[in-house]
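J.: Structure file my_file.tsv (TSV, C-alpha atoms) right here:
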chain	number	residue	atom	x	y	z
A	1	MET	CA	-61.33	72.51	-21.64
A	2	ASN	CA	-64.52	70.99	-22.98
A	3	SER	CA	-65.37	67.31	-22.56
A	4	HIS	CA	-64.10	66.44	-26.04
A	5	ASP	CA	-60.67	67.89	-25.24
A	6	ASN	CA	-60.55	65.87	-22.02
A	7	ASP	CA	-61.50	62.73	-23.94
A	8	LEU	CA	-58.77	63.43	-26.48
A	9	LEU	CA	-56.10	63.92	-23.81
A	10	PHE	CA	-57.17	60.68	-22.14
A	11	ALA	CA	-57.03	58.81	-25.46
A	12	MET	CA	-53.52	60.10	-26.16
A	13	ARG	CA	-52.33	58.50	-22.91
A	14	GLN	CA	-53.62	55.10	-24.02
A	15	ARG	CA	-52.21	52.53	-26.42
A	16	ASN	CA	-53.80	51.15	-29.56
A	17	LEU	CA	-55.32	47.77	-28.72
A	18	VAL	CA	-55.19	46.75	-32.40
A	19	TYR	CA	-51.97	45.07	-33.53
A	20	ASN	CA	-50.82	45.94	-37.09
A	21	ALA	CA	-53.29	48.83	-37.20
A	22	ASP	CA	-52.46	49.87	-40.78
A	23	LEU	CA	-52.49	46.23	-41.99
A	24	ARG	CA	-49.12	46.55	-43.75
A	25	GLN	CA	-47.31	43.72	-41.92
A	26	ARG	CA	-47.98	40.49	-43.85
A	27	SER	CA	-46.00	37.36	-43.00
A	28	ASN	CA	-48.30	34.74	-44.46
A	29	PRO	CA	-47.52	33.04	-47.77
A	30	ALA	CA	-49.93	33.07	-50.69
A	31	VAL	CA	-53.41	31.84	-49.83
A	32	ASP	CA	-55.61	30.52	-52.66
A	33	GLY	CA	-53.45	32.26	-55.24
A	34	ASN	CA	-53.34	35.49	-53.24
A	35	SER	CA	-49.74	36.72	-53.30
A	36	ILE	CA	-50.17	39.56	-50.79
A	37	GLY	CA	-50.96	37.50	-47.73
A	38	ILE	CA	-53.29	38.02	-44.81
A	39	PRO	CA	-52.30	40.93	-42.51
A	40	ASP	CA	-50.58	39.69	-39.36
A	41	GLY	CA	-52.79	39.53	-36.31
A	42	TYR	CA	-56.07	39.15	-38.17
A	43	VAL	CA	-58.22	36.07	-38.65
A	44	TYR	CA	-59.45	36.39	-42.22
A	45	GLN	CA	-62.18	34.70	-44.22
A	46	ASN	CA	-63.29	35.75	-47.70
A	47	ALA	CA	-65.22	32.84	-49.07
A	48	GLY	CA	-66.53	32.40	-52.57
A	49	ALA	CA	-65.17	32.49	-56.09
A	50	GLY	CA	-63.32	35.66	-57.06
A	51	ALA	CA	-62.33	36.73	-53.54
A	52	VAL	CA	-59.15	38.82	-53.58
A	53	ILE	CA	-57.04	40.63	-51.02
A	54	ASP	CA	-54.40	43.00	-52.35
A	55	ALA	CA	-52.22	45.89	-51.23
A	56	ALA	CA	-53.91	49.28	-51.04
A	57	ALA	CA	-52.08	52.47	-51.93
A	58	GLY	CA	-49.93	53.63	-49.03
A	59	GLN	CA	-51.41	51.42	-46.35
A	60	GLY	CA	-54.17	48.92	-45.71
A	61	ILE	CA	-55.63	46.24	-47.92
A	62	ALA	CA	-57.86	46.29	-50.99
A	63	ILE	CA	-60.60	43.67	-50.83
A	64	THR	CA	-62.90	42.12	-53.40
A	65	ILE	CA	-65.54	39.95	-51.77
A	66	GLY	CA	-66.24	36.56	-53.31
A	67	GLY	CA	-69.23	36.30	-55.60
A	68	ASP	CA	-71.14	34.01	-53.26
A	69	GLY	CA	-69.30	34.57	-50.00
A	70	ALA	CA	-68.68	37.09	-47.24
A	71	LEU	CA	-65.77	38.99	-45.73
A	72	VAL	CA	-64.86	38.42	-42.07
A	73	LEU	CA	-61.77	40.14	-40.65
A	74	SER	CA	-61.34	39.91	-36.89
A	75	GLN	CA	-58.73	40.36	-34.18
A	76	ASN	CA	-58.63	39.53	-30.49
A	77	LEU	CA	-57.79	42.73	-28.62
A	78	HIS	CA	-57.29	41.06	-25.25
A	79	GLU	CA	-54.16	39.09	-26.18
A	80	PHE	CA	-51.68	40.80	-23.88
A	81	PRO	CA	-50.69	40.08	-20.26
A	82	GLY	CA	-52.78	41.85	-17.63
A	83	TRP	CA	-55.69	42.67	-19.92
A	84	ARG	CA	-58.17	41.81	-17.16
A	85	GLN	CA	-56.77	44.70	-15.12
A	86	VAL	CA	-56.92	47.09	-18.10
A	87	LEU	CA	-60.19	46.47	-19.97
A	88	PRO	CA	-63.10	45.14	-17.83
A	89	GLY	CA	-65.39	47.88	-16.56
A	90	HIS	CA	-64.10	50.44	-19.06
A	91	LEU	CA	-65.46	51.94	-22.26
A	92	VAL	CA	-63.56	50.88	-25.40
A	93	THR	CA	-64.02	52.70	-28.70
A	94	ALA	CA	-63.02	51.29	-32.07
A	95	THR	CA	-62.90	52.79	-35.55
A	96	ILE	CA	-62.05	51.67	-39.09
A	97	ASN	CA	-61.12	53.83	-42.07
A	98	VAL	CA	-62.67	52.70	-45.35
A	99	ASP	CA	-62.18	53.83	-48.94
A	100	ILE	CA	-65.17	52.97	-51.14
A	101	PRO	CA	-64.83	53.43	-54.93
A	102	VAL	CA	-67.37	55.30	-57.00
A	103	GLU	CA	-70.51	53.35	-57.92
A	104	THR	CA	-69.81	50.58	-55.42
A	105	THR	CA	-72.56	49.33	-53.15
A	106	VAL	CA	-71.25	47.77	-49.97
A	107	ASP	CA	-72.59	47.01	-46.50
A	108	ILE	CA	-69.93	47.01	-43.77
A	109	SER	CA	-70.46	46.06	-40.12
A	110	LEU	CA	-68.07	46.80	-37.25
A	111	ALA	CA	-68.58	44.83	-34.05
A	112	LEU	CA	-67.03	44.70	-30.58
A	113	THR	CA	-67.69	41.72	-28.32
A	114	ASP	CA	-66.44	40.87	-24.82
A	115	GLY	CA	-67.77	37.33	-24.75
A	116	ILE	CA	-70.84	38.49	-22.81
A	117	ARG	CA	-72.39	41.11	-25.07
A	118	THR	CA	-71.83	42.48	-28.56
A	119	HIS	CA	-72.28	45.95	-30.05
A	120	THR	CA	-72.52	46.28	-33.82
A	121	ASN	CA	-72.61	49.29	-36.13
A	122	THR	CA	-73.55	48.73	-39.78
A	123	TRP	CA	-73.16	51.14	-42.67
A	124	SER	CA	-75.51	50.23	-45.48
A	125	ASN	CA	-74.81	51.44	-49.02
A	126	PRO	CA	-72.75	54.53	-48.17
A	127	ASP	CA	-71.64	56.93	-50.87
A	128	SER	CA	-68.19	56.56	-52.38
A	129	GLY	CA	-65.15	58.11	-50.71
A	130	LEU	CA	-63.27	57.92	-47.40
A	131	PHE	CA	-65.29	57.00	-44.32
A	132	SER	CA	-64.69	56.25	-40.66
A	133	ILE	CA	-67.00	53.80	-38.92
A	134	ASP	CA	-67.04	53.99	-35.12
A	135	ILE	CA	-68.32	51.77	-32.35
A	136	ASP	CA	-67.96	51.56	-28.56
A	137	LEU	CA	-68.61	49.01	-25.85
A	138	THR	CA	-68.35	49.07	-22.08
A	139	VAL	CA	-66.47	45.87	-21.32
A	140	ALA	CA	-68.21	43.67	-18.75
A	141	GLU	CA	-66.52	43.10	-15.40
A	142	ASP	CA	-66.63	39.36	-16.06
A	143	ALA	CA	-65.53	39.65	-19.71
A	144	THR	CA	-63.86	36.60	-21.23
A	145	ARG	CA	-62.37	38.36	-24.26
A	146	LEU	CA	-62.50	41.51	-26.37
A	147	SER	CA	-62.65	41.11	-30.14
A	148	LEU	CA	-63.07	43.50	-33.06
A	149	THR	CA	-64.70	42.21	-36.25
A	150	VAL	CA	-65.28	43.74	-39.68
A	151	THR	CA	-67.85	41.94	-41.84
A	152	SER	CA	-69.52	42.43	-45.20
A	153	ASP	CA	-71.70	40.17	-47.31
A	154	SER	CA	-71.87	42.47	-50.33
A	155	ALA	CA	-70.97	39.81	-52.88
A	156	GLY	CA	-68.57	41.03	-55.57
A	157	ALA	CA	-68.02	44.46	-53.98
A	158	SER	CA	-64.55	46.02	-53.79
A	159	PHE	CA	-63.28	48.49	-51.20
A	160	SER	CA	-60.18	49.25	-49.13
A	161	LEU	CA	-59.58	49.01	-45.42
A	162	LEU	CA	-56.98	51.63	-44.54
A	163	GLY	CA	-56.63	51.20	-40.80
A	164	LEU	CA	-58.18	50.06	-37.55
A	165	ALA	CA	-57.86	51.36	-34.03
A	166	ALA	CA	-59.31	50.67	-30.58
A	167	ASN	CA	-58.60	52.50	-27.32
A	168	ARG	CA	-59.96	52.81	-23.84
A	169	GLY	CA	-62.18	55.86	-23.67
A	170	SER	CA	-64.47	57.54	-26.18
A	171	ILE	CA	-61.91	58.24	-28.94
A	172	ALA	CA	-59.85	55.76	-31.01
A	173	LEU	CA	-56.54	57.09	-32.34
A	174	PRO	CA	-54.79	54.84	-34.90
A	175	GLU	CA	-51.49	56.75	-34.70
A	176	LEU	CA	-50.79	55.68	-31.10
A	177	ALA	CA	-48.17	53.10	-30.21
A	178	CYS	CA	-49.57	49.60	-29.95
A	179	GLN	CA	-50.27	47.84	-26.66
A	180	VAL	CA	-48.07	45.09	-28.11
A	181	SER	CA	-44.40	46.09	-28.10
A	182	GLY	CA	-42.33	45.02	-31.08
A	183	VAL	CA	-43.28	42.50	-33.76
A	184	ILE	CA	-45.30	39.39	-32.99
A	185	GLY	CA	-43.33	36.33	-34.11
A	186	GLY	CA	-39.91	37.88	-33.41
A	187	VAL	CA	-37.35	35.48	-31.90
A	188	HIS	CA	-35.29	36.48	-28.84
A	189	GLN	CA	-32.47	34.79	-26.95
A	190	TYR	CA	-31.50	34.88	-23.28
A	191	VAL	CA	-28.28	33.74	-21.63
A	192	GLY	CA	-28.94	34.80	-18.03
A	193	THR	CA	-32.32	33.21	-17.32
A	194	GLN	CA	-34.44	30.16	-17.94
A	195	ALA	CA	-37.66	32.03	-17.09
A	196	THR	CA	-39.71	33.06	-20.13
A	197	PRO	CA	-40.82	36.74	-20.29
A	198	ILE	CA	-44.60	37.12	-20.03
A	199	THR	CA	-44.92	38.55	-23.56
A	200	GLN	CA	-42.99	35.65	-25.11
A	201	LEU	CA	-43.25	31.86	-25.40
A	202	ASN	CA	-40.48	29.32	-24.82
A	203	LEU	CA	-39.11	27.61	-27.93
A	204	CYS	CA	-36.82	25.31	-25.91
A	205	GLU	CA	-39.48	22.80	-24.91
A	206	VAL	CA	-41.67	20.17	-26.52
A	207	ALA	CA	-43.60	21.83	-29.36
A	208	ARG	CA	-47.09	22.77	-28.20
A	209	GLU	CA	-50.20	23.99	-29.93
A	210	LEU	CA	-51.08	27.66	-29.53
A	211	SER	CA	-54.09	28.43	-27.36
A	212	GLU	CA	-57.32	30.19	-28.34
A	213	ASP	CA	-55.86	33.35	-26.76
A	214	GLU	CA	-52.74	33.35	-28.97
A	215	THR	CA	-54.48	33.81	-32.31
A	216	ARG	CA	-52.35	36.75	-33.43
A	217	LEU	CA	-49.19	34.62	-33.31
A	218	ASP	CA	-51.16	31.83	-34.98
A	219	THR	CA	-51.80	34.11	-37.97
A	220	VAL	CA	-48.04	34.73	-38.28
A	221	LEU	CA	-46.90	31.09	-37.98
A	222	ASN	CA	-49.85	29.93	-40.12
A	223	GLY	CA	-49.11	26.24	-39.54
A	224	ARG	CA	-45.47	26.50	-40.73
A	225	PHE	CA	-44.43	23.93	-38.11
A	226	GLY	CA	-47.64	21.93	-38.27
A	227	ARG	CA	-51.00	22.17	-36.53
A	228	GLY	CA	-52.34	20.54	-33.41
A	229	ASN	CA	-55.62	18.77	-32.63
A	230	ASN	CA	-57.49	22.10	-32.62
A	231	SER	CA	-56.04	23.15	-36.02
A	232	ARG	CA	-53.95	25.91	-34.43
A	233	SER	CA	-50.26	26.34	-35.20
A	234	LEU	CA	-47.58	24.40	-33.36
A	235	LEU	CA	-44.58	26.24	-31.95
A	236	PRO	CA	-41.19	25.12	-33.30
A	237	ASP	CA	-39.04	23.02	-30.99
A	238	LEU	CA	-35.53	24.55	-31.14
A	239	ARG	CA	-33.95	22.53	-28.33
A	240	GLY	CA	-30.29	21.82	-29.06
A	241	TYR	CA	-30.23	23.57	-32.46
A	242	PHE	CA	-27.99	26.34	-33.72
A	243	LEU	CA	-29.84	28.98	-35.76
A	244	ARG	CA	-28.52	29.70	-39.25
A	245	ALA	CA	-29.40	32.63	-41.52
A	246	TRP	CA	-31.70	31.79	-44.42
A	247	ASP	CA	-29.52	31.12	-47.49
A	248	ASN	CA	-32.09	32.61	-49.90
A	249	GLY	CA	-30.18	31.48	-52.98
A	250	ALA	CA	-26.75	32.84	-51.94
A	251	PRO	CA	-25.48	29.97	-52.08
A	252	VAL	CA	-23.42	29.99	-48.88
A	253	ASP	CA	-25.36	26.92	-47.76
A	254	PRO	CA	-24.53	24.45	-50.57
A	255	ASP	CA	-27.19	21.98	-49.38
A	256	ALA	CA	-30.01	24.49	-48.94
A	257	GLY	CA	-32.14	22.69	-51.51
A	258	SER	CA	-32.17	19.48	-49.45
A	259	ARG	CA	-33.15	21.02	-46.11
A	260	THR	CA	-36.02	19.21	-44.35
A	261	PRO	CA	-39.04	20.37	-42.30
A	262	LEU	CA	-38.47	21.23	-38.64
A	263	GLY	CA	-42.16	20.77	-37.95
A	264	LYS	CA	-44.95	18.67	-39.40
A	265	ASP	CA	-45.68	20.57	-42.60
A	266	PRO	CA	-44.04	18.58	-45.43
A	267	ALA	CA	-44.24	21.61	-47.74
A	268	ILE	CA	-41.76	23.59	-45.59
A	269	LYS	CA	-38.56	22.18	-47.10
A	270	GLY	CA	-35.62	23.24	-49.22
A	271	ASP	CA	-34.33	26.81	-49.14
A	272	MET	CA	-37.02	28.12	-46.79
A	273	VAL	CA	-37.18	29.72	-43.35
A	274	GLY	CA	-38.04	27.16	-40.68
A	275	THR	CA	-36.22	24.16	-42.20
A	276	LYS	CA	-33.41	22.15	-40.61
A	277	GLN	CA	-30.24	20.22	-41.46
A	278	GLU	CA	-28.64	17.29	-39.67
A	279	ASP	CA	-25.04	17.55	-38.52
A	280	GLU	CA	-22.34	16.57	-41.01
A	281	ILE	CA	-18.58	16.63	-41.59
A	282	ARG	CA	-17.48	18.12	-44.91
A	283	GLU	CA	-15.91	15.61	-47.31
A	284	HIS	CA	-12.14	15.69	-46.95
A	285	ARG	CA	-8.98	13.54	-46.95
A	286	HIS	CA	-5.72	13.37	-45.04
A	287	ASP	CA	-2.64	13.26	-47.26
A	288	ILE	CA	0.68	11.79	-46.09
A	289	ALA	CA	3.75	13.08	-47.95
A	290	TYR	CA	6.74	10.79	-48.48
A	291	ALA	CA	9.49	10.56	-51.10
A	292	PRO	CA	10.35	6.98	-52.23
A	293	ASP	CA	13.60	8.11	-53.89
A	294	ALA	CA	14.89	9.34	-50.57
A	295	LEU	CA	14.85	5.77	-49.27
A	296	ALA	CA	17.92	4.70	-51.31
A	297	PRO	CA	20.75	3.65	-48.94
A	298	SER	CA	24.20	5.20	-49.04
A	299	GLY	CA	27.59	3.88	-48.07
A	300	ASN	CA	27.56	0.48	-46.34
A	301	THR	CA	23.90	0.81	-45.21
A	302	LYS	CA	21.79	-2.22	-45.89
A	303	PRO	CA	19.02	-1.85	-48.48
A	304	ILE	CA	15.73	-0.48	-47.09
A	305	THR	CA	12.63	-2.54	-47.56
A	306	PRO	CA	10.34	-0.69	-50.01
A	307	ILE	CA	7.14	0.82	-48.57
A	308	THR	CA	4.29	-1.14	-50.06
A	309	GLN	CA	1.45	-0.16	-47.68
A	310	LEU	CA	0.65	2.82	-45.49
A	311	LYS	CA	-1.34	2.49	-42.31
A	312	THR	CA	-2.07	5.46	-40.13
A	313	GLY	CA	-3.59	5.76	-36.71
A	314	SER	CA	-5.85	3.28	-35.01
A	315	THR	CA	-8.69	1.27	-36.51
A	316	GLU	CA	-10.84	2.30	-33.53
A	317	PRO	CA	-13.09	5.41	-33.85
A	318	PHE	CA	-12.13	8.50	-31.89
A	319	GLY	CA	-13.80	11.81	-31.05
A	320	GLY	CA	-17.08	12.88	-29.46
A	321	ASN	CA	-20.76	12.59	-30.29
A	322	GLU	CA	-21.00	15.47	-32.80
A	323	THR	CA	-19.05	18.06	-34.75
A	324	ARG	CA	-19.50	21.49	-33.16
A	325	GLY	CA	-17.85	24.78	-32.39
A	326	LYS	CA	-17.39	26.27	-28.95
A	327	ASN	CA	-20.82	27.41	-27.80
A	328	VAL	CA	-22.96	28.68	-24.94
A	329	ALA	CA	-26.52	27.46	-24.35
A	330	VAL	CA	-29.20	30.14	-24.68
A	331	MET	CA	-32.98	30.10	-24.35
A	332	TYR	CA	-34.89	31.04	-27.50
A	333	THR	CA	-38.34	32.60	-27.21
A	334	ILE	CA	-40.95	34.04	-29.60
A	335	SER	CA	-43.12	37.13	-29.06
A	336	TRP	CA	-46.88	36.56	-28.84
A	337	ALA	CA	-48.06	39.86	-27.32
Represent the structure contained in this file as C-alpha cells.
T.:
Amino acid sequence: MNSHDNDLLFAMRQRNLVYNADLRQRSNPAVDGNSIGIPDGYVYQNAGAGAVIDAAAGQGIAITIGGDGALVLSQNLHEFPGWRQVLPGHLVTATINVDIPVETTVDISLALTDGIRTHTNTWSNPDSGLFSIDIDLTVAEDATRLSLTVTSDSAGASFSLLGLAANRGSIALPELACQVSGVIGGVHQYVGTQATPITQLNLCEVARELSEDETRLDTVLNGRFGRGNNSRSLLPDLRGYFLRAWDNGAPVDPDAGSRTPLGKDPAIKGDMVGTKQEDEIREHRHDIAYAPDALAPSGNTKPITPITQLKTGSTEPFGGNETRGKNVAVMYTISWA
C-alpha cells in the first residue's frame, strides 16, 4: 500500500467531527423572513440587506450573501465527551463541497482553530462548478476548542454549500458516521436511574443556560424556552409534567389554542411544541334519577311528604391535590452531543 491508501484506511476508521454534515437537518423557525431555517449545529450570520438561505437541490444550503454584509457559518467540533483524549496532538483535516454558479465571483475561506492557533485556506474568485476546499491543523496539546468556520464577504454573491466534513488524519470523508450519535435535541426518558448520561442533559432540574461548549444544542433550541444572561438558550424545566403529543390542529386537544409558554419566550404559545397546560377537570354534572309519581302511597299508608329539595354528599371538599392517572416517575433528558 502507498501512503495515500494508509491514510484512507485510517480515515475510514474515524468518525465525522461535523454534526449535520450535509446541512439538511433544520429545526429553527423562520429567521428574518427565511422559511428554511439555519442548519442544526451551525452558528450562522449573514448580515446585510438581501441575505437569503434556502434549500439546495438534494442536500446542503443555497446562500445569497447580503449586499453589505458577510457570511459566517461555524461549528464547534469539540462538543462531545472525551474530546481532549481524542483531538489534542493529532492532525485534523476538514473539507467543504461548494457549488458556484456560472459568472459568479465569490471568495470563500475555510478555517480551523483550536483556541491557540488558526489555519485558514481562502479560494479567491474560482471558476464556476463543484469544488472541494480543504484545510488541516495539528491540534495543540493544550487546545481549548476546535472550531470549523466558513466565511465569505463577497457581497451579493450566491453559491451552495453541499457538505462539510472533518476527521482525524489527512483525509476528511463526509460519508462517515458522525462522532455524535443520534439527533441533537432528542428527548429521552429513564426509569432505572437518576444519573444523566454524559451525552445528555437533565431536564428534571431548575432550567439552566447552556454553556459556551453546548452551542450545537443552542442552535436547535434557539431560545424557545428563553435565554439566559449570556444570550444562550435555557433548557426547559420538565419537573412534574406529563408530556403530551403536539396537537398540530387535530383537534384532539380542544384547548390547544390557549396553551401557554413553558419557558420565557412569550411567542411560544398556542398550538406549538414546547407549550404547557395547567391541570383541569372536564366540565361535567352528576344526575340523580327519581320518579315523583312513584311516591304516591297505597293502602292505609300515610301520605309521603313531597320532595322539594335534593342534597347530596357533604359540603366539605374531598379528594387529593390534583387530577391524575396512575403513573411512574421518569427522568427526562435531552441530547447535546
J.: Can you tell me how far atom CA of A:Leu77 sits from atom CA of A:Asn16, in Å to one decimal?
T.: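 Distance reported for this atom pair: 9.4 Å.
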J.: Tell me which protein, DNA and RNA residues are within 12 Å of stretch 185-202 of chain A, counting only C-alpha atoms, leaving out same-chain ones fewer than 2 positions away, and put them as number ranges by chain.
T.: A: 25-28, 40-41, 79-82, 179-183, 204-211, 214-222, 234-239, 242-243, 327-337
J.: Tell me, as a list in words, which residues lie within 7 Å of A:Trp123, counting all atoms listed in the file; anything in the same chain fewer than 4 positions away does not count.
T.: Asp107, Ile108 and Ser109 of chain A
J.: Find the residue from A:Asp265, A:Asp114, A:Asp22, A:Asp153 that sits nearest to A:Ile96; use only C-alpha atoms when measuring.
T.: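 Result for the nearest residue to A:Ile96: A:Asp22.
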J.: Any idea what the distance is between atom CA of A:Thr149 and atom CA of A:Val72?
T.: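 Spanning atom CA of A:Thr149 to atom CA of A:Val72 is a straight-line distance of 6.9 Å.
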J.: Provide the atom CA of A:Lys264 to atom CA of A:Ser233 distance in Å, to one decimal place.
T.: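 Rounded to one decimal, the two atoms are 10.2 Å apart.
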J.: Looking at A:Ala143, A:Leu130, A:Ala94, A:Ala57, which one is nearest to A:Gly115, with distances taken over only C-alpha atoms?
T.: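 Result for the nearest residue to A:Gly115: A:Ala143.
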